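J.: Input: one structure, supplied below.
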Amino acid sequence: MPSSKPSDATLRLIVESYQRLTGKPLIPTVPTDANALRTAIWEAPRAIVAHGTEADPIFFYGNRLALQLFEMSEDEFARLPSRLSAEPMAQEARVKLLEKVTQQGYIDGYSGMRIAKSGKRFMITDTTVWNLLDEAGVHHGQAAVFVMSA
């Protein structure tokens, strides 16, 4: 079951900023009810993650699938600097990717290797990374949606 964090407004920001930037829905329908929205994102068939705007951004959200892939609890994931989700040799490429997202608003079609808590590596594919921008254009971080390569 999804935890009480992040706030319902933050989850709505994840969904609405994706729609605004890509023109596509992140989830098939966006429920107006906060609990239904929380459940829809939590149970989505693709991994959804988000990090904040810290100098070394920390993940503040991972849905059920993301937590399974990274082999972490919600509390563990919410303490993970997002850079540590990538292999050390891939971190420079990841930084360049995030800079491109900052400039363009979003990118899609990204693939990359990620690391679970156990050290297991897994490939993410069909990834879209986008800026978390509210309606006033204020930047709140970045998010990604992806699937694991079979």
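Ordered as shown in the structure tokens, chains take letters A, B, and onward, while each chain numbers its residues from 1 and ligands are numbered from 1 in the order shown.
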Skipping near chain neighbours, those fewer than 6 positions away, what residues fall within 12 Å of range 18-21 of chain A using only C-alpha atoms, listed as a list of chain:residue names?
T.: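 In the requested form, the answer reads A:Leu11, A:Arg12, A:Ile27, A:Pro28, A:Thr29, A:Val30, A:Ile48, A:Ala50, A:Val101, A:Thr102, A:Gln104, A:Gly105, A:Tyr106, A:Ile107, A:Asp108, A:Thr128, A:Val129, A:Trp130, A:Asn131, A:Leu132, A:Leu133, A:Asp134, A:Glu135, A:Gly137, A:Gln142, A:Ala143, A:Ala144, A:Val145.
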J.: Please save C-alpha atoms of the selected residues as a short mmCIF file (atom, residue, chain, number, x, y, z; two decimals), in the first residue's frame.
T.:
```
data_model
loop_
_atom_site.label_atom_id
_atom_site.label_comp_id
_atom_site.auth_asym_id
_atom_site.auth_seq_id
_atom_site.Cartn_x
_atom_site.Cartn_y
_atom_site.Cartn_z
CA LEU A 11 1.74 13.33 -6.96
CA ARG A 12 -0.64 15.51 -8.97
CA ILE A 27 -1.77 7.22 -16.28
CA PRO A 28 -4.88 6.46 -18.38
CA THR A 29 -7.22 8.70 -16.39
CA VAL A 30 -6.33 11.18 -13.68
CA ILE A 48 7.74 6.02 -11.80
CA ALA A 50 11.01 11.48 -8.86
CA VAL A 101 16.03 17.56 -19.66
CA THR A 102 16.45 20.83 -17.75
CA GLN A 104 14.31 20.93 -23.16
CA GLY A 105 11.64 20.09 -20.58
CA TYR A 106 11.74 16.34 -21.23
CA ILE A 107 13.42 13.59 -23.21
CA ASP A 108 12.11 10.22 -24.20
CA THR A 128 10.91 9.45 -20.40
CA VAL A 129 12.53 11.95 -18.03
CA TRP A 130 10.80 15.28 -17.44
CA ASN A 131 10.99 18.42 -15.33
CA LEU A 132 8.50 18.76 -12.51
CA LEU A 133 7.13 22.18 -13.34
CA ASP A 134 4.03 23.58 -11.74
CA GLU A 135 1.54 25.74 -13.64
CA GLY A 137 6.70 27.30 -14.24
CA GLN A 142 12.63 15.79 -12.22
CA ALA A 143 10.80 12.52 -12.70
CA ALA A 144 11.14 9.46 -14.89
CA VAL A 145 8.91 6.68 -16.09
#
```
J.: Quick one: pick out all strand (DSSP E) residues within chain A from a backbone DSSP run and write them as an MDAnalysis selection string.
T.: chainID A and resid 47:51 59:62 106:115 121:133 139:148
J.: Rounded to one decimal in Å, what is the spacing between CA of Lys117 in chain A and CA of Ser73 in chain A?
T.: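 Atom-to-atom, CA of Lys117 in chain A to CA of Ser73 in chain A, that is 10.1 Å.
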J.: Closest to Arg64 in chain A among A:Phe77, A:Val138, A:Glu43, A:Gly52, using only C-alpha atoms?
T.: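 Smallest separation from Arg64 in chain A among the options: A:Glu43.
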J.: Pick the closest to Arg46 in chain A from A:Thr32, A:Ser111, A:Thr22, A:Thr127: which is it, counting only C-alpha atoms?
T.: A:Thr127
J.: Between A:Glu71, A:Asp56, A:Glu76, A:Asp33, which is the closest to Ser118 in chain A once you count only C-alpha atoms?
T.: A:Glu71
J.: Identify, on the basis of only C-alpha atoms, every residue whose closest approach to Arg94 in chain A does not exceed 10 Å; exclude the query and any residue fewer than 5 positions from it along the same chain; express the result as a ChimeraX atom specification.
T.: /A:82-83,85-89,99-100,112
J.: Report, in Å to a single decimal, how far apart CA of Pro25 in chain A and CA of Ala116 in chain A are.
T.: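 Separation of CA of Ala116 in chain A and CA of Pro25 in chain A: 27.7 Å.
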J.: Please, what distance in Å, to one decimal, runs between CA of Glu92 in chain A and CA of Val49 in chain A?
T.: 19.6 Å
J.: Pick from A:Pro45, A:Pro31, A:Gly62, A:Pro57: nearest to His140 in chain A, with only C-alpha atoms counted?
T.: A:Pro57
J.: When distances are computed from only C-alpha atoms, which of A:His139, A:Arg79, A:Lys5, A:Lys120 shows the smallest separation from Ser17 in chain A?
T.: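 Answer, going by the shortest atom-to-atom distance: A:His139.
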